[in-house]
$ cat my_file-v6.cif   # mmCIF, C-alpha atoms
data_upload
loop_
_atom_site.label_atom_id
_atom_site.label_comp_id
_atom_site.auth_asym_id
_atom_site.auth_seq_id
_atom_site.Cartn_x
_atom_site.Cartn_y
_atom_site.Cartn_z
CA TYR A 250 9.90 2.78 24.83
CA MET A 251 11.49 2.11 21.45
CA GLN A 252 11.22 5.83 20.71
CA MET A 253 12.81 6.73 24.05
CA GLU A 254 15.59 4.18 23.56
CA LEU A 255 16.40 5.63 20.13
CA SER A 256 16.31 9.19 21.49
CA TYR A 257 18.63 8.21 24.34
CA ARG A 258 21.13 6.66 21.93
CA ASP A 259 20.97 9.82 19.76
CA GLY A 260 21.59 12.06 22.76
CA THR A 261 18.21 13.76 22.28
CA LEU A 262 16.49 15.26 25.33
CA ILE A 263 13.34 13.31 26.26
CA PRO A 264 10.51 15.42 27.75
CA ALA A 265 9.14 14.19 31.08
CA GLN A 266 5.66 14.77 29.65
CA LYS A 267 4.03 16.20 26.54
CA ALA A 268 5.08 19.83 26.29
CA GLU A 269 4.22 20.96 22.74
CA PRO A 270 0.65 22.23 22.28
CA GLU A 271 -1.29 22.18 19.04
CA THR A 272 -0.50 25.07 16.69
CA PRO A 273 -3.39 27.61 16.65
CA LYS A 274 -5.55 27.22 13.53
CA HIS A 275 -8.25 29.22 11.82
CA PRO A 276 -11.60 27.32 11.84
CA ASN A 277 -11.33 26.82 8.06
CA GLU A 278 -7.86 25.31 8.49
CA LEU A 279 -9.15 23.02 11.22
CA LEU A 280 -11.99 21.77 8.99
CA LEU A 281 -9.46 20.96 6.28
CA ALA A 282 -6.89 19.32 8.57
CA ASP A 283 -9.03 17.41 11.05
CA ARG A 284 -10.07 14.55 8.75
CA GLY A 285 -9.36 10.85 8.54
CA GLY A 286 -9.04 8.41 5.67
CA LEU A 287 -10.78 8.70 2.31
CA VAL A 288 -13.74 6.43 1.52
CA PHE A 289 -15.54 5.94 -1.81
CA PRO A 290 -18.94 4.33 -1.17
CA PRO A 291 -19.27 1.04 -3.06
CA ARG A 292 -21.34 0.54 -6.17
CA LEU A 293 -24.30 -1.61 -5.15
CA GLY A 294 -24.78 -5.09 -6.55
CA PHE A 295 -23.04 -8.11 -8.02
CA PHE A 296 -19.67 -7.76 -9.78
CA GLU A 297 -17.56 -10.51 -11.36
CA ASN A 298 -13.76 -10.70 -11.64
CA VAL A 299 -12.87 -8.12 -8.99
CA ALA A 300 -9.40 -7.50 -7.54
CA GLU A 301 -8.62 -6.12 -4.09
CA LEU A 302 -5.47 -3.98 -3.95
CA ASP A 303 -4.14 -3.10 -0.49
CA PHE A 304 -1.49 -0.64 0.64
CA ALA A 305 0.62 -2.73 3.04
CA SER A 306 0.90 -1.02 6.47
CA GLU A 307 0.03 2.23 4.71
CA TYR A 308 0.17 4.73 7.58
CA PRO A 309 3.41 3.36 9.09
CA ASN A 310 4.98 3.28 5.60
CA ILE A 311 3.97 6.92 5.08
CA MET A 312 5.72 7.77 8.36
CA ALA A 313 8.84 5.85 7.31
CA ARG A 314 9.08 6.76 3.62
CA PHE A 315 8.04 10.41 3.85
CA ASN A 316 9.82 11.10 7.16
CA VAL A 317 6.63 12.16 8.98
CA SER A 318 7.44 12.38 12.69
CA PRO A 319 6.39 14.87 15.41
CA GLU A 320 9.73 16.69 15.31
CA THR A 321 10.03 16.76 11.50
CA VAL A 322 6.64 18.35 10.68
CA ASN A 323 6.90 22.13 10.33
CA CYS A 324 10.53 22.13 11.50
CA HIS A 325 12.41 25.45 11.69
CA CYS A 326 15.39 24.34 9.59
CA CYS A 327 13.67 23.64 6.23
CA PRO A 328 11.46 26.59 5.19
CA ASP A 329 11.57 25.47 1.54
CA ALA A 330 10.80 21.77 2.18
CA PRO A 331 8.12 19.99 0.10
CA ARG A 332 4.59 20.60 1.34
CA VAL A 333 2.02 18.07 2.52
CA PRO A 334 -0.97 18.03 0.09
CA GLU A 335 -4.01 20.10 1.17
CA LEU A 336 -2.43 21.25 4.44
CA GLY A 337 0.80 22.90 3.33
CA TYR A 338 2.79 21.51 6.26
CA ARG A 339 6.56 21.18 5.72
CA VAL A 340 8.51 17.97 6.39
CA CYS A 341 12.18 18.18 7.43
CA GLN A 342 14.77 17.26 4.81
CA ARG A 343 17.88 17.42 7.02
CA ARG A 344 17.24 14.71 9.63
CA ARG A 345 15.32 11.49 9.98
CA GLY A 346 12.47 11.53 12.48
CA ILE A 347 12.58 9.37 15.60
CA THR A 348 9.13 7.88 15.00
CA SER A 349 9.97 7.30 11.32
CA ARG A 350 13.07 5.29 12.25
CA VAL A 351 11.19 3.25 14.86
CA VAL A 352 8.37 2.22 12.51
CA GLU A 353 10.94 1.45 9.82
CA ARG A 354 12.45 -1.20 12.11
CA LEU A 355 9.02 -2.64 12.96
CA ILE A 356 7.98 -2.80 9.29
CA ALA A 357 11.20 -4.66 8.41
CA LYS A 358 10.68 -7.11 11.26
CA ARG A 359 7.06 -7.72 10.22
CA GLN A 360 8.20 -8.41 6.65
CA GLN A 361 10.68 -10.99 7.96
CA TYR A 362 7.90 -12.81 9.81
CA LYS A 363 5.78 -12.76 6.65
CA GLN A 364 8.60 -14.48 4.75
CA ARG A 365 9.00 -17.04 7.55
CA VAL A 366 5.27 -17.82 7.45
CA LYS A 367 5.49 -18.48 3.70
CA ALA A 368 8.59 -20.64 4.14
CA ALA A 369 6.94 -22.69 6.92
CA GLU A 370 3.72 -23.16 4.90
CA ALA A 371 5.71 -24.37 1.89
CA ILE A 372 6.92 -27.44 3.86
CA PRO A 373 4.33 -30.29 3.95
CA GLU A 374 2.96 -30.71 7.46
CA SER A 375 3.10 -34.52 7.11
CA GLN A 376 6.89 -34.34 6.79
CA PHE A 377 7.59 -31.66 9.41
CA PRO A 378 4.61 -31.28 11.83
CA ALA A 379 6.55 -28.75 13.93
CA GLN A 380 6.55 -26.31 11.00
CA ALA A 381 2.78 -25.84 11.37
CA GLY A 382 3.35 -24.57 14.92
CA ASN A 383 6.13 -22.30 13.71
CA SER A 384 3.85 -20.84 11.04
CA ALA A 385 1.14 -20.06 13.61
CA SER A 386 3.70 -18.51 15.96
CA TYR A 387 5.14 -16.32 13.20
CA SER A 388 1.63 -15.22 12.17
CA LEU A 389 0.79 -14.17 15.73
CA ARG A 390 4.02 -12.20 16.05
CA ARG A 391 3.36 -10.53 12.71
CA SER A 392 -0.14 -9.61 13.88
CA ALA A 393 1.25 -8.17 17.14
CA LEU A 394 3.65 -6.00 15.13
CA LYS A 395 0.76 -4.84 12.94
CA TRP A 396 -1.11 -3.49 15.97
CA LEU A 397 2.07 -1.98 17.37
CA LEU A 398 2.44 -0.07 14.09
CA VAL A 399 -1.19 1.06 14.34
CA CYS A 400 -0.42 2.40 17.83
CA CYS A 401 2.64 4.25 16.52
CA PHE A 402 0.36 6.12 14.14
CA GLY A 403 -2.41 6.71 16.69
CA TYR A 404 -0.06 8.04 19.33
CA THR A 405 1.07 10.87 17.05
CA GLY A 406 -2.39 12.36 17.69
CA TYR A 407 -2.75 11.43 21.36
CA LYS A 408 -2.81 14.57 23.54
CA ASN A 409 -0.54 13.13 26.28
CA ALA A 410 1.90 11.24 24.04
CA ARG A 411 5.49 12.19 24.80
CA PHE A 412 6.35 11.91 21.08
CA GLY A 413 2.99 13.17 19.82
CA LYS A 414 2.05 16.10 17.64
CA ILE A 415 -1.37 16.53 16.09
CA GLU A 416 0.10 18.11 12.94
CA ALA A 417 2.04 14.88 12.29
CA HIS A 418 -1.20 12.88 12.64
CA GLU A 419 -2.97 15.24 10.23
CA ALA A 420 -0.08 15.08 7.74
CA ILE A 421 -0.18 11.26 7.66
CA ASN A 422 -3.94 11.29 6.98
CA ALA A 423 -3.54 13.92 4.26
CA LEU A 424 -0.82 11.91 2.51
CA ALA A 425 -2.96 8.75 2.73
CA ARG A 426 -5.90 10.54 1.10
CA GLU A 427 -3.65 11.85 -1.67
CA LYS A 428 -2.16 8.39 -2.37
CA LEU A 429 -5.61 6.79 -2.57
CA LEU A 430 -6.69 9.44 -5.11
CA VAL A 431 -3.54 8.79 -7.17
CA ALA A 432 -4.28 5.05 -7.07
CA LYS A 433 -7.89 5.58 -8.17
CA GLU A 434 -6.90 7.83 -11.07
CA ALA A 435 -4.11 5.46 -12.18
CA ALA A 436 -6.55 2.53 -12.23
CA GLU A 437 -9.14 4.47 -14.22
CA LEU A 438 -6.52 5.64 -16.75
CA LYS A 439 -5.68 1.97 -17.36
CA GLY A 440 -9.33 1.20 -18.10
CA TYR A 441 -10.26 -0.28 -14.71
CA ARG A 442 -13.47 0.52 -12.91
CA VAL A 443 -13.11 1.41 -9.22
CA LEU A 444 -16.01 -0.23 -7.39
CA HIS A 445 -15.04 0.72 -3.85
CA ALA A 446 -12.18 2.35 -1.97
CA LEU A 447 -11.69 2.28 1.78
CA VAL A 448 -8.78 4.24 3.31
CA ASP A 449 -5.99 1.87 2.22
CA SER A 450 -7.65 -0.56 -0.19
CA LEU A 451 -9.19 -0.49 -3.67
CA TYR A 452 -11.64 -2.85 -5.33
CA VAL A 453 -11.20 -2.66 -9.09
CA GLN A 454 -12.67 -4.48 -12.07
CA ARG A 455 -11.98 -4.76 -15.76
CA GLN A 456 -13.69 -7.18 -18.11
CA GLY A 457 -11.32 -9.93 -19.21
CA ALA A 458 -8.53 -8.84 -16.83
CA THR A 459 -6.27 -11.64 -15.56
CA ARG A 460 -4.35 -11.94 -12.30
CA GLU A 461 -1.23 -10.81 -14.20
CA ASP A 462 -3.07 -7.67 -15.37
CA TYR A 463 -4.05 -6.83 -11.79
CA GLU A 464 -0.47 -7.45 -10.60
CA ARG A 465 0.87 -5.06 -13.25
CA LEU A 466 -1.65 -2.45 -12.11
CA ALA A 467 -0.48 -2.88 -8.50
CA GLN A 468 3.14 -2.40 -9.59
CA GLU A 469 2.26 0.76 -11.52
CA ILE A 470 0.38 2.26 -8.56
CA GLU A 471 3.26 1.37 -6.24
CA ARG A 472 5.65 3.21 -8.57
CA LEU A 473 3.43 6.31 -8.65
CA THR A 474 2.72 6.47 -4.91
CA ASN A 475 6.06 5.21 -3.56
CA LEU A 476 4.10 2.98 -1.16
CA PRO A 477 4.04 -0.85 -1.20
CA LEU A 478 0.82 -2.12 -2.79
CA THR A 479 -0.16 -5.80 -2.84
CA LEU A 480 -2.72 -7.75 -4.81
CA GLU A 481 -4.63 -9.09 -1.81
CA ALA A 482 -7.00 -11.31 -3.84
CA VAL A 483 -8.84 -11.78 -7.10
CA TYR A 484 -12.50 -12.63 -6.52
CA ARG A 485 -14.86 -14.61 -8.71
CA TYR A 486 -17.44 -12.11 -7.59
CA VAL A 487 -18.14 -9.47 -4.96
CA PHE A 488 -21.62 -8.51 -3.77
CA PHE A 489 -21.77 -5.01 -2.26
CA LEU A 490 -24.81 -4.78 0.00
CA PRO A 491 -27.03 -1.79 0.87
CA SER A 492 -27.89 -0.32 4.24
CA ARG A 493 -30.44 -2.30 6.23
CA GLN A 494 -32.48 0.89 6.59
CA ASN A 495 -32.53 1.81 2.90
CA ALA A 496 -32.00 -0.58 -0.02
CA GLU A 497 -30.68 2.25 -2.24
CA ILE A 498 -27.94 3.51 0.07
CA PRO A 499 -24.51 1.79 -0.09
CA VAL A 500 -22.56 1.10 3.09
CA PRO A 501 -18.75 1.00 3.22
CA ASN A 502 -17.37 -2.35 4.32
CA ARG A 503 -20.62 -4.32 4.04
CA PHE A 504 -20.16 -7.03 1.44
CA PHE A 505 -19.22 -10.63 0.80
CA ALA A 506 -16.81 -11.95 -1.82
CA VAL A 507 -15.58 -15.32 -3.10
CA THR A 508 -11.95 -15.84 -4.10
CA GLU A 509 -10.79 -17.83 -7.12
CA ASN A 510 -10.38 -20.95 -4.96
CA GLY A 511 -13.82 -20.60 -3.33
CA GLU A 512 -12.90 -18.95 0.00
CA LEU A 513 -15.36 -16.49 1.47
CA LYS A 514 -14.54 -12.97 2.61
CA ILE A 515 -17.32 -11.45 4.72
CA ARG A 516 -17.53 -7.90 6.04
CA GLY A 517 -20.29 -6.13 7.97
CA LEU A 518 -22.79 -9.01 8.05
CA GLU A 519 -24.57 -10.44 11.08
CA CYS A 520 -22.46 -13.62 11.22
CA ARG A 521 -19.39 -11.43 11.87
CA ARG A 522 -20.93 -9.76 14.92
CA HIS A 523 -20.55 -11.04 18.49
CA ASP A 524 -24.09 -10.06 19.49
CA THR A 525 -25.86 -12.09 16.79
CA PRO A 526 -27.98 -15.05 18.02
CA PRO A 527 -26.27 -18.39 17.15
CA ILE A 528 -29.19 -19.54 14.99
CA VAL A 529 -28.90 -16.44 12.79
CA SER A 530 -25.12 -16.76 12.45
CA ARG A 531 -25.33 -20.43 11.52
CA MET A 532 -28.11 -19.88 8.99
CA GLN A 533 -26.27 -16.99 7.34
CA GLN A 534 -22.98 -18.92 7.22
CA GLN A 535 -24.69 -21.91 5.56
CA VAL A 536 -26.39 -19.64 3.02
CA LEU A 537 -23.11 -17.91 2.17
CA GLU A 538 -21.31 -21.24 1.75
CA ILE A 539 -23.95 -22.28 -0.80
CA LEU A 540 -23.63 -18.96 -2.66
CA ALA A 541 -19.83 -19.35 -2.63
CA GLU A 542 -20.20 -22.33 -5.00
CA ALA A 543 -21.32 -19.96 -7.78
CA HIS A 544 -18.83 -18.84 -10.43
CA ASN A 545 -20.89 -16.19 -12.24
CA PHE A 546 -24.17 -14.30 -12.02
CA ARG A 547 -26.20 -17.04 -13.72
CA SER A 548 -25.02 -19.77 -11.34
CA TYR A 549 -25.43 -17.36 -8.43
CA CYS A 550 -29.13 -16.93 -9.27
CA LEU A 551 -29.53 -20.74 -9.33
CA LYS A 552 -27.77 -21.07 -5.96
CA LEU A 553 -30.14 -18.50 -4.48
CA GLU A 554 -32.94 -21.09 -4.71
CA ASP A 555 -30.92 -23.53 -2.57
CA ALA A 556 -30.13 -20.72 -0.15
CA ARG A 557 -33.81 -19.82 0.21
CA ARG A 558 -34.61 -23.42 1.11
CA VAL A 559 -32.05 -23.25 3.94
CA LEU A 560 -33.69 -20.06 5.21
CA ASP A 561 -37.14 -21.69 5.03
CA ARG A 562 -35.94 -24.66 7.14
CA TYR A 563 -34.70 -22.30 9.86
CA LEU A 564 -37.96 -20.29 9.75
CA ASP A 565 -39.94 -23.54 10.16
CA ARG A 566 -37.86 -24.44 13.23
CA LEU A 567 -38.66 -21.06 14.73
CA ALA A 568 -42.36 -21.39 13.92
CA ASP A 569 -42.81 -24.86 15.46
CA GLY A 570 -40.87 -23.99 18.63
CA SER A 571 -38.21 -26.70 18.24
CA THR A 572 -35.32 -24.27 18.65
CA ASP A 573 -33.53 -24.15 22.01
CA VAL A 574 -33.78 -20.82 23.76
CA GLU A 575 -29.98 -20.57 23.92
CA GLU A 576 -29.94 -20.41 20.13
CA LEU A 577 -32.06 -17.25 20.22
CA ILE A 578 -29.97 -15.25 22.70
#

$ encode --input "my_file-v6.cif" --output "structure tokens"
Amino acid sequence: YMQMELSYRDGTLIPAQKAEPETPKHPNELLLADRGGLVFPPRLGFFENVAELDFASEYPNIMARFNVSPETVNCHCCPDAPRVPELGYRVCQRRRGITSRVVERLIAKRQQYKQRVKAAEAIPESQFPAQAGNSASYSLRRSALKWLLVCCFGYTGYKNARFGKIEAHEAINALAREKLLVAKEAAELKGYRVLHALVDSLYVQRQGATREDYERLAQEIERLTNLPLTLEAVYRYVFFLPSRQNAEIPVPNRFFAVTENGELKIRGLECRRHDTPPIVSRMQQQVLEILAEAHNFRSYCLKLEDARRVLDRYLDRLADGSTDVEELI
């Protein structure tokens, strides 16, 4: 509706339904174009002093900053326009795309809510209790805008979308892959080791690097890619875990990490799943909280002994039948 409102104000004709079919492609072209985000499988094991760098709202920012919109991709007015990497699609240089302008407004609004959240959190709750409610409200609105931006990207590839065009969807993915490669190479040129990369985020490490070093790296990558990049967190350690089927095969997005202030970040483990029995979730959460007290590999190995004792207690409860059946469902 935001797209239609903008089109109406511009005096642009709005199709009653999707009318533009996909451009015919050779099978080799289709194999090249029909791909998603880039993923570098993680290096298995325990790594200390790791930073997570995230492209903020990467796909919407690509749409806004590089003018990728259904009517701007392969336009007829700019035959000499810059080409999209890998695909060779052209992007219009004469007019701003409707979708690009819409996501630009949503990105700006989301940034305003982010600033309001920070401002509300800076005020002590004991002095202004209402500010805590404001902060939660702003966070929810910001989250709603995030998913609205995700939909804006997804609908460029939806077959019945009024403002959709599969070539725009493919162009956004191609630009995202290119920017992640640029980020990886920039980090490695600065002496950082890339441990993992997942579509719009990088996990990098360099011995002796400080938070300031990681922030400078983020600024350099942002300059090279022309996309906003944030230092999401610096972790005491990250443990990248293997597949449950094979201990030698890494799995993207299956790890746990501990921030500098001891907070846990968990991805892909049983305690994050909704179909895990409560007893398993609780045991795993307790074990991870013990491991989160470690600051380096040596202390982690010592904490493993405490974690094993927690596991043994839960196994004993299962063996003697003292666990309620609801805990096992």

$ residues_around --input "my_file-v6.cif" --residues "range 467-475 of chain A" --least-positions-apart "4" --cutoff "12 Å" --atoms "only C-alpha atoms" --output "PDB file with C-alpha atoms, keeping the file's coordinate frame"
ATOM      1  CA  ALA A 300      -9.400  -7.500  -7.540  1.00  0.00           C
ATOM      2  CA  GLU A 301      -8.620  -6.120  -4.090  1.00  0.00           C
ATOM      3  CA  LEU A 302      -5.470  -3.980  -3.950  1.00  0.00           C
ATOM      4  CA  ASP A 303      -4.140  -3.100  -0.490  1.00  0.00           C
ATOM      5  CA  PHE A 304      -1.490  -0.640   0.640  1.00  0.00           C
ATOM      6  CA  ALA A 305       0.620  -2.730   3.040  1.00  0.00           C
ATOM      7  CA  GLU A 307       0.030   2.230   4.710  1.00  0.00           C
ATOM      8  CA  ASN A 310       4.980   3.280   5.600  1.00  0.00           C
ATOM      9  CA  ILE A 311       3.970   6.920   5.080  1.00  0.00           C
ATOM     10  CA  ALA A 313       8.840   5.850   7.310  1.00  0.00           C
ATOM     11  CA  ARG A 314       9.080   6.760   3.620  1.00  0.00           C
ATOM     12  CA  PHE A 315       8.040  10.410   3.850  1.00  0.00           C
ATOM     13  CA  LEU A 424      -0.820  11.910   2.510  1.00  0.00           C
ATOM     14  CA  ALA A 425      -2.960   8.750   2.730  1.00  0.00           C
ATOM     15  CA  ARG A 426      -5.900  10.540   1.100  1.00  0.00           C
ATOM     16  CA  GLU A 427      -3.650  11.850  -1.670  1.00  0.00           C
ATOM     17  CA  LYS A 428      -2.160   8.390  -2.370  1.00  0.00           C
ATOM     18  CA  LEU A 429      -5.610   6.790  -2.570  1.00  0.00           C
ATOM     19  CA  LEU A 430      -6.690   9.440  -5.110  1.00  0.00           C
ATOM     20  CA  VAL A 431      -3.540   8.790  -7.170  1.00  0.00           C
ATOM     21  CA  ALA A 432      -4.280   5.050  -7.070  1.00  0.00           C
ATOM     22  CA  LYS A 433      -7.890   5.580  -8.170  1.00  0.00           C
ATOM     23  CA  GLU A 434      -6.900   7.830 -11.070  1.00  0.00           C
ATOM     24  CA  ALA A 435      -4.110   5.460 -12.180  1.00  0.00           C
ATOM     25  CA  ALA A 436      -6.550   2.530 -12.230  1.00  0.00           C
ATOM     26  CA  GLU A 437      -9.140   4.470 -14.220  1.00  0.00           C
ATOM     27  CA  LEU A 438      -6.520   5.640 -16.750  1.00  0.00           C
ATOM     28  CA  LYS A 439      -5.680   1.970 -17.360  1.00  0.00           C
ATOM     29  CA  TYR A 441     -10.260  -0.280 -14.710  1.00  0.00           C
ATOM     30  CA  SER A 450      -7.650  -0.560  -0.190  1.00  0.00           C
ATOM     31  CA  LEU A 451      -9.190  -0.490  -3.670  1.00  0.00           C
ATOM     32  CA  TYR A 452     -11.640  -2.850  -5.330  1.00  0.00           C
ATOM     33  CA  VAL A 453     -11.200  -2.660  -9.090  1.00  0.00           C
ATOM     34  CA  ARG A 460      -4.350 -11.940 -12.300  1.00  0.00           C
ATOM     35  CA  GLU A 461      -1.230 -10.810 -14.200  1.00  0.00           C
ATOM     36  CA  ASP A 462      -3.070  -7.670 -15.370  1.00  0.00           C
ATOM     37  CA  TYR A 463      -4.050  -6.830 -11.790  1.00  0.00           C
ATOM     38  CA  THR A 479      -0.160  -5.800  -2.840  1.00  0.00           C
ATOM     39  CA  LEU A 480      -2.720  -7.750  -4.810  1.00  0.00           C
ATOM     40  CA  GLU A 481      -4.630  -9.090  -1.810  1.00  0.00           C
ATOM     41  CA  ALA A 482      -7.000 -11.310  -3.840  1.00  0.00           C
TER      42      ALA A 482
END

$ resolve_selection --input "my_file-v6.cif" --expression "the PyMOL selection byres ((chain A and resi 538) around 12)" --output "count of residues only"
26

$ residues_around --input "my_file-v6.cif" --residues "range 261-274 of chain A" --least-positions-apart "4" --cutoff "10 Å" --atoms "all atoms listed in the file" --output "compact mmCIF listing (two decimals) with C-alpha atoms, in the coordinates of the input"
# COMPACT_ATOMS: atom_id res chain seq x y z
CA GLN A 252 11.22 5.83 20.71
CA MET A 253 12.81 6.73 24.05
CA GLU A 254 15.59 4.18 23.56
CA LEU A 255 16.40 5.63 20.13
CA SER A 256 16.31 9.19 21.49
CA TYR A 257 18.63 8.21 24.34
CA GLU A 278 -7.86 25.31 8.49
CA LEU A 279 -9.15 23.02 11.22
CA LEU A 280 -11.99 21.77 8.99
CA ALA A 282 -6.89 19.32 8.57
CA PRO A 319 6.39 14.87 15.41
CA ILE A 347 12.58 9.37 15.60
CA GLY A 406 -2.39 12.36 17.69
CA TYR A 407 -2.75 11.43 21.36
CA LYS A 408 -2.81 14.57 23.54
CA ASN A 409 -0.54 13.13 26.28
CA ALA A 410 1.90 11.24 24.04
CA ARG A 411 5.49 12.19 24.80
CA PHE A 412 6.35 11.91 21.08
CA GLY A 413 2.99 13.17 19.82
CA LYS A 414 2.05 16.10 17.64
CA ILE A 415 -1.37 16.53 16.09
CA GLU A 416 0.10 18.11 12.94

$ resolve_selection --input "my_file-v6.cif" --expression "the PyMOL selection byres ((chain A and resi 385-397) around 10)" --output "list in words"
Ser306, Pro309, Val352, Leu355, Ile356, Lys358, Arg359, Gln360, Gln361, Tyr362, Lys363, Gln364, Arg365, Val366, Lys367, Ala369, Glu370, Gln380, Ala381, Gly382, Asn383, Ser384, Leu398, Val399, Cys400, Cys401, Phe402 and Gly403 of chain A

$ atom_distance --input "my_file-v6.cif" --atom1 "CA of Tyr563 in chain A" --atom2 "CA of Asn495 in chain A"
25.2 Å

$ residues_around --input "my_file-v6.cif" --residues "Gln454 in chain A" --least-positions-apart "4" --cutoff "8 Å" --atoms "all atoms listed in the file" --output "count of residues only"
9

$ closest_residue --input "my_file-v6.cif" --among "A:Gln456, A:Ser318, A:Pro331, A:Phe488" --to "Thr405 in chain A" --atoms "only C-alpha atoms"
A:Ser318

$ atom_distance --input "my_file-v6.cif" --atom1 "CA of Arg503 in chain A" --atom2 "CA of Pro491 in chain A"
7.6 Å

$ atom_distance --input "my_file-v6.cif" --atom1 "CA of Pro328 in chain A" --atom2 "CA of Asn316 in chain A"
15.7 Å

$ closest_residue --input "my_file-v6.cif" --among "A:Asn422, A:Asn545, A:Thr348, A:Thr459" --to "Tyr250 in chain A" --atoms "all atoms listed in the file"
A:Thr348

$ axis_aligned_box --input "my_file-v6.cif" --around "range 526-536 of chain A" --padding-each-side "5 Å" --output "JSON"
{"center_x": -26.1, "center_y": -18.5, "center_z": 10.5, "size_x": 16.2, "size_y": 16.9, "size_z": 25.0}

$ resolve_selection --input "my_file-v6.cif" --expression "the PyMOL selection byres ((chain A and resi 292) around 10)" --output "PyMOL selection string"
chain A and resi 289-291+293-296+443-445+488-491+498-501

$ closest_residue --input "my_file-v6.cif" --among "A:Ile528, A:Leu287, A:Glu576, A:Cys326" --to "Leu560 in chain A" --atoms "all atoms listed in the file"
A:Ile528

$ closest_residue --input "my_file-v6.cif" --among "A:Glu335, A:Glu575, A:Asp561, A:Glu519" --to "Phe504 in chain A" --atoms "only C-alpha atoms"
A:Glu519

$ decode --input "my_file-v6.cif" --residues "range 489-501 of chain A" --atoms "N, CA, C and O atoms" --output "CSV table (one decimal), in the first residue's frame"
chain,number,residue,atom,x,y,z
A,489,PHE,N,32.1,-23.0,17.6
A,489,PHE,CA,31.3,-23.4,16.4
A,489,PHE,C,31.2,-24.9,16.4
A,489,PHE,O,32.2,-25.6,16.5
A,490,LEU,N,30.0,-25.4,16.4
A,490,LEU,CA,29.7,-26.8,16.6
A,490,LEU,C,29.5,-27.6,15.3
A,490,LEU,O,29.0,-27.0,14.3
A,491,PRO,N,29.8,-28.9,15.3
A,491,PRO,CA,29.6,-29.7,14.0
A,491,PRO,C,28.2,-30.2,13.9
A,491,PRO,O,27.4,-30.0,14.8
A,492,SER,N,28.0,-30.8,12.8
A,492,SER,CA,26.7,-31.5,12.5
A,492,SER,C,26.5,-32.6,13.5
A,492,SER,O,27.5,-33.3,13.9
A,493,ARG,N,25.2,-32.9,13.9
A,493,ARG,CA,25.0,-34.0,14.8
A,493,ARG,C,25.2,-35.4,14.1
A,493,ARG,O,25.4,-36.4,14.8
A,494,GLN,N,25.2,-35.4,12.8
A,494,GLN,CA,25.4,-36.6,12.1
A,494,GLN,C,26.9,-36.9,11.9
A,494,GLN,O,27.3,-38.1,11.8
A,495,ASN,N,27.7,-35.9,11.8
A,495,ASN,CA,29.1,-36.1,11.5
A,495,ASN,C,29.9,-35.0,12.2
A,495,ASN,O,29.8,-33.8,12.0
A,496,ALA,N,30.8,-35.5,13.1
A,496,ALA,CA,31.6,-34.5,14.0
A,496,ALA,C,32.6,-33.7,13.2
A,496,ALA,O,33.2,-32.8,13.7
A,497,GLU,N,32.8,-34.0,11.9
A,497,GLU,CA,33.9,-33.3,11.1
A,497,GLU,C,33.2,-32.3,10.1
A,497,GLU,O,34.0,-31.6,9.4
A,498,ILE,N,31.9,-32.3,10.1
A,498,ILE,CA,31.2,-31.4,9.1
A,498,ILE,C,30.7,-30.2,9.9
A,498,ILE,O,29.9,-30.3,10.8
A,499,PRO,N,31.1,-29.0,9.5
A,499,PRO,CA,30.5,-27.8,10.1
A,499,PRO,C,29.1,-27.5,9.6
A,499,PRO,O,28.7,-27.9,8.5
A,500,VAL,N,28.4,-26.8,10.5
A,500,VAL,CA,27.0,-26.4,10.1
A,500,VAL,C,26.8,-24.9,10.3
A,500,VAL,O,27.1,-24.4,11.4
A,501,PRO,N,26.4,-24.2,9.3
A,501,PRO,CA,26.2,-22.7,9.4
A,501,PRO,C,25.1,-22.5,10.5
A,501,PRO,O,24.1,-23.2,10.6
